[in-house]
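Quick notes on the structure that follows.
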Amino acid sequence: MMKFLVFISLFLVGCQRTRAEVFTSIGQMTDLLYTEKELVQSLRDYIKAEESKLAAVKSWANKLDALTRVSTSDPEGYLAHPVNAYKLMKRLNTEWSELESLVLQNPSDGFISNMSVHRQYFPDEEDQTGAAKALMRLQDTYQLDSEAFSKGMLPGVHSNAVLTVDDCFDMGKTAYNDADYYHAVLWFQQALKQLDDGEEAVVSKADILDYLSYSVYQMGDLPRAIELTRRLVAIDPNHQRAGGNLRYFEQLLMKQLRESNQDYQPPSEEPIQLGTYNRPKDHLPEREAYEALCRGEGLQLTEARRSRLFCRYHDGKKSPRLLLKPIKEEDEWDSPHIVRYLNILSDQEIEKIKELAKPRLARATVRDPKTGVLTTAPYRVSKSAWLEGEDDPVVDKVNQRIEDITGLTVETAELLQVANYGVGGQYEPHYDFSRRPFDSNLKKDEPDAFKRLGTGNRMATFLNYMSDVEAGGATVFPDFGAAIWPRKGTAVFWYNLFRSGEGDYRTRHAACPVLVGSKWVSNKWIHERGQEFRRPCGLTEVD
């Protein structure tokens, strides 16, 4: 449209400049006829471009109309699938911007103003990157290959949520830009496989091979890096980097073979997949044990231990509110003692708590071990809100119920924290209690995080499960090999401190990544102050 308007403007300006001559020169008038013909052709080109653009916009509208009908019929269920959540982030951050650029070629004030109003709520590049990393986190924890994700084949789930060649390539680039070549290789390889299988894509095979070959080189696999680079050179002999990379890789491999006195071994013909390369170690020493428990592996619930677990009715040491209707209590673990309470929250209470929390949800924080200041961290991925008893009678009622069940006062407890774990949401192994600076288990100084509260340390944790989770989302204890699975309306309870006030380091626990579903929990951290006569000190340090 802009080019057409510029053409019109120049044409009219030209007419104004030669107006006197137009009526006296047939020759120039015939020139104007040809100019008009050119203008008509320009108009037809504009109409053709507009029709092409309109067809593209219509195609977008039809596709998204069908998609939004499905997604808004059950928003939480739709977003429970991690691929849907990732593609929503990508769609709003990238693809809608491309549509905006297309529409901007034509004066479309209504659409643009609408986009401007809503853009402030759109995910940005950081959000899209976070969603991609969440898929990789799920891939690692639950040992899922890239093909399973690209085809939407998750455990126990049948879905048409798929990742295209371009989606897989973008996943690889997210890892590549973060120098995470382990995941980059897996996703570039998947993009290449789907392209080789005949799937159409915007990204070229040369671009995929370029990134994949360098990522494989970074993983230390020179023979395969050379083979991939040769494929790239065969496709694009004039590629600006391929020739130089190939010579460098070949020279480096020959040097390594000479130094190690070994013969050349051709690369494996097996495609790169999960397990081809070793995953790099990270900051978490119990990573393997933690992730195995998340998958339901490595559980230490032996028959001997199981025989020591019982279920009973619990009246909170004869609490008046529980005498006529005691709570069902089940042992989840014997030592440390972890119990589950059944039918703690009704569906109506859960919905009310979620309703109160949703407008306040913000990225969950942790205390910096050096400063004691609250900050976000990559090992805790969830959104949380804090509710006071005064916010609604339901919150006050839940607080009272926790006090009745545990026999501990909640006057010095923290507010009720509500958390929602979405795609890949997790909280890696951590302690709920604050470790003291003089603690022998502490490797570095950690300020007393709760000193300013004047309520002592976190004595106990009461965790309400407010949703079922289709896959993943367990609460695991790597130290003794326990996994507790979410069950809507139930709650689990354990002590973080011994009666002496010393921390029970066995209670280091984690919230496993949610694979499929949306995990809602609320928890109450009960502090030491006010419990002196409710839970008196024992005779030894570990009573």
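Letters A, B, ... mark the chains of the structure tokens in the order given; residue numbers begin at 1 per chain; ligand numbers begin at 1, in order shown.
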Self-check item: All strand (DSSP E) positions in region 133-345 of chain A, as a ChimeraX atom specification
Solution: /A:311-314,327-333,338-341
Export of prior selection with N, CA and C atoms as an mmCIF file, in the first residue's frame:
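Ended up saving to result_6.cif:
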```cif
data_model
loop_
_atom_site.group_PDB
_atom_site.id
_atom_site.type_symbol
_atom_site.label_atom_id
_atom_site.label_comp_id
_atom_site.auth_asym_id
_atom_site.auth_seq_id
_atom_site.Cartn_x
_atom_site.Cartn_y
_atom_site.Cartn_z
ATOM 1 N N CYS A 311 -2.779 -46.955 58.849
ATOM 2 C CA CYS A 311 -3.757 -45.887 58.676
ATOM 3 C C CYS A 311 -4.633 -45.865 59.923
ATOM 4 N N ARG A 312 -5.176 -44.717 60.242
ATOM 5 C CA ARG A 312 -5.929 -44.571 61.493
ATOM 6 C C ARG A 312 -6.828 -43.335 61.393
ATOM 7 N N TYR A 313 -7.706 -43.200 62.379
ATOM 8 C CA TYR A 313 -8.468 -41.958 62.536
ATOM 9 C C TYR A 313 -7.717 -41.068 63.505
ATOM 10 N N HIS A 314 -7.656 -39.791 63.192
ATOM 11 C CA HIS A 314 -6.849 -38.852 63.977
ATOM 12 C C HIS A 314 -7.748 -37.714 64.475
ATOM 13 N N ILE A 327 -10.122 -37.098 61.448
ATOM 14 C CA ILE A 327 -9.498 -37.085 60.124
ATOM 15 C C ILE A 327 -8.870 -38.449 59.831
ATOM 16 N N LYS A 328 -8.989 -38.894 58.579
ATOM 17 C CA LYS A 328 -8.311 -40.125 58.166
ATOM 18 C C LYS A 328 -6.829 -39.832 57.945
ATOM 19 N N GLU A 329 -5.978 -40.613 58.608
ATOM 20 C CA GLU A 329 -4.539 -40.391 58.544
ATOM 21 C C GLU A 329 -3.841 -41.657 58.030
ATOM 22 N N GLU A 330 -2.943 -41.486 57.084
ATOM 23 C CA GLU A 330 -2.171 -42.603 56.539
ATOM 24 C C GLU A 330 -0.689 -42.324 56.699
ATOM 25 N N ASP A 331 0.083 -43.323 57.098
ATOM 26 C CA ASP A 331 1.536 -43.186 57.136
ATOM 27 C C ASP A 331 2.082 -43.285 55.723
ATOM 28 N N GLU A 332 2.896 -42.296 55.332
ATOM 29 C CA GLU A 332 3.590 -42.359 54.052
ATOM 30 C C GLU A 332 5.018 -42.863 54.241
ATOM 31 N N TRP A 333 5.609 -42.568 55.402
ATOM 32 C CA TRP A 333 6.981 -42.995 55.691
ATOM 33 C C TRP A 333 7.144 -43.100 57.197
ATOM 34 N N ILE A 338 6.292 -39.245 58.040
ATOM 35 C CA ILE A 338 5.521 -38.414 57.120
ATOM 36 C C ILE A 338 4.128 -39.019 57.030
ATOM 37 N N VAL A 339 3.114 -38.197 57.240
ATOM 38 C CA VAL A 339 1.740 -38.705 57.196
ATOM 39 C C VAL A 339 0.950 -37.953 56.135
ATOM 40 N N ARG A 340 -0.085 -38.624 55.632
ATOM 41 C CA ARG A 340 -1.013 -37.994 54.699
ATOM 42 C C ARG A 340 -2.388 -37.967 55.343
ATOM 43 N N TYR A 341 -3.056 -36.820 55.266
ATOM 44 C CA TYR A 341 -4.413 -36.671 55.770
ATOM 45 C C TYR A 341 -5.378 -36.618 54.585
#
```
Quiz prompt | Residue contacts of Val521 (chain A) (6 Å, only C-alpha atoms) excluding same-chain residues fewer than 3 positions away, as number ranges by chain | solution = A: 418-419, 464-466
Those same residues - N, CA and C atoms - I'd like them written as an mmCIF file, in the first residue's frame.
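Result file follows (result32.cif):
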```cif
data_model
loop_
_atom_site.group_PDB
_atom_site.id
_atom_site.type_symbol
_atom_site.label_atom_id
_atom_site.label_comp_id
_atom_site.auth_asym_id
_atom_site.auth_seq_id
_atom_site.Cartn_x
_atom_site.Cartn_y
_atom_site.Cartn_z
ATOM 1 N N VAL A 418 0.107 -20.292 48.397
ATOM 2 C CA VAL A 418 -0.522 -21.051 47.315
ATOM 3 C C VAL A 418 0.434 -21.029 46.127
ATOM 4 N N ALA A 419 0.705 -22.191 45.556
ATOM 5 C CA ALA A 419 1.648 -22.273 44.437
ATOM 6 C C ALA A 419 1.032 -23.055 43.290
ATOM 7 N N ASN A 464 -0.839 -28.988 51.366
ATOM 8 C CA ASN A 464 -2.129 -29.385 50.791
ATOM 9 C C ASN A 464 -2.002 -29.597 49.285
ATOM 10 N N TYR A 465 -2.472 -30.735 48.794
ATOM 11 C CA TYR A 465 -2.556 -30.949 47.348
ATOM 12 C C TYR A 465 -3.941 -30.514 46.882
ATOM 13 N N MET A 466 -3.980 -29.534 45.980
ATOM 14 C CA MET A 466 -5.260 -28.980 45.542
ATOM 15 C C MET A 466 -5.619 -29.402 44.118
#
```
For Ile353 (chain A), work out the shell of residues within 8 Å, counting only C-alpha atoms and skipping chain neighbours fewer than 3 positions away, then give it as a tab-separated table (two decimals) with C-alpha atoms, in the first residue's frame.
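Now in selection-v9.tsv:
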```
chain	number	residue	atom	x	y	z
A	349	GLU	CA	-12.63	-24.63	49.34
A	350	ILE	CA	-10.00	-25.43	46.73
A	356	LEU	CA	-8.17	-15.67	45.78
A	357	ALA	CA	-4.64	-16.58	44.72
A	394	VAL	CA	-12.14	-20.06	53.92
A	395	VAL	CA	-8.48	-19.17	54.55
A	418	VAL	CA	-0.52	-21.05	47.31
```
Quiz item: Please, what distance in Å, to one decimal, runs between CA of His430 (chain A) and CA of Ala80 (chain A)?
Solution: 25.1 Å
Quiz prompt | Nearest residue to Glu270 (chain A) from the set A:Gln189, A:Ser434, A:Thr141, A:Gln531 (distances using only C-alpha atoms) | solution = A:Gln189
Quiz item: So which one's closest to Val476 (chain A), A:Ser319, A:Ser97, A:Thr412, A:Gln300? Using only C-alpha atoms, please.
Solution: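 For Val476 (chain A), the nearest of the candidates is A:Gln300.
The coordinates place CA of Glu390 (chain A) at 20.3 Å from CA of Ala362 (chain A).
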Quiz prompt | Long-range neighbours of Thr455 (chain A) as a ChimeraX atom specification, 8 Å cut-off, only C-alpha atoms, 6 positions minimum in chain | solution = /A:412-413,527-529
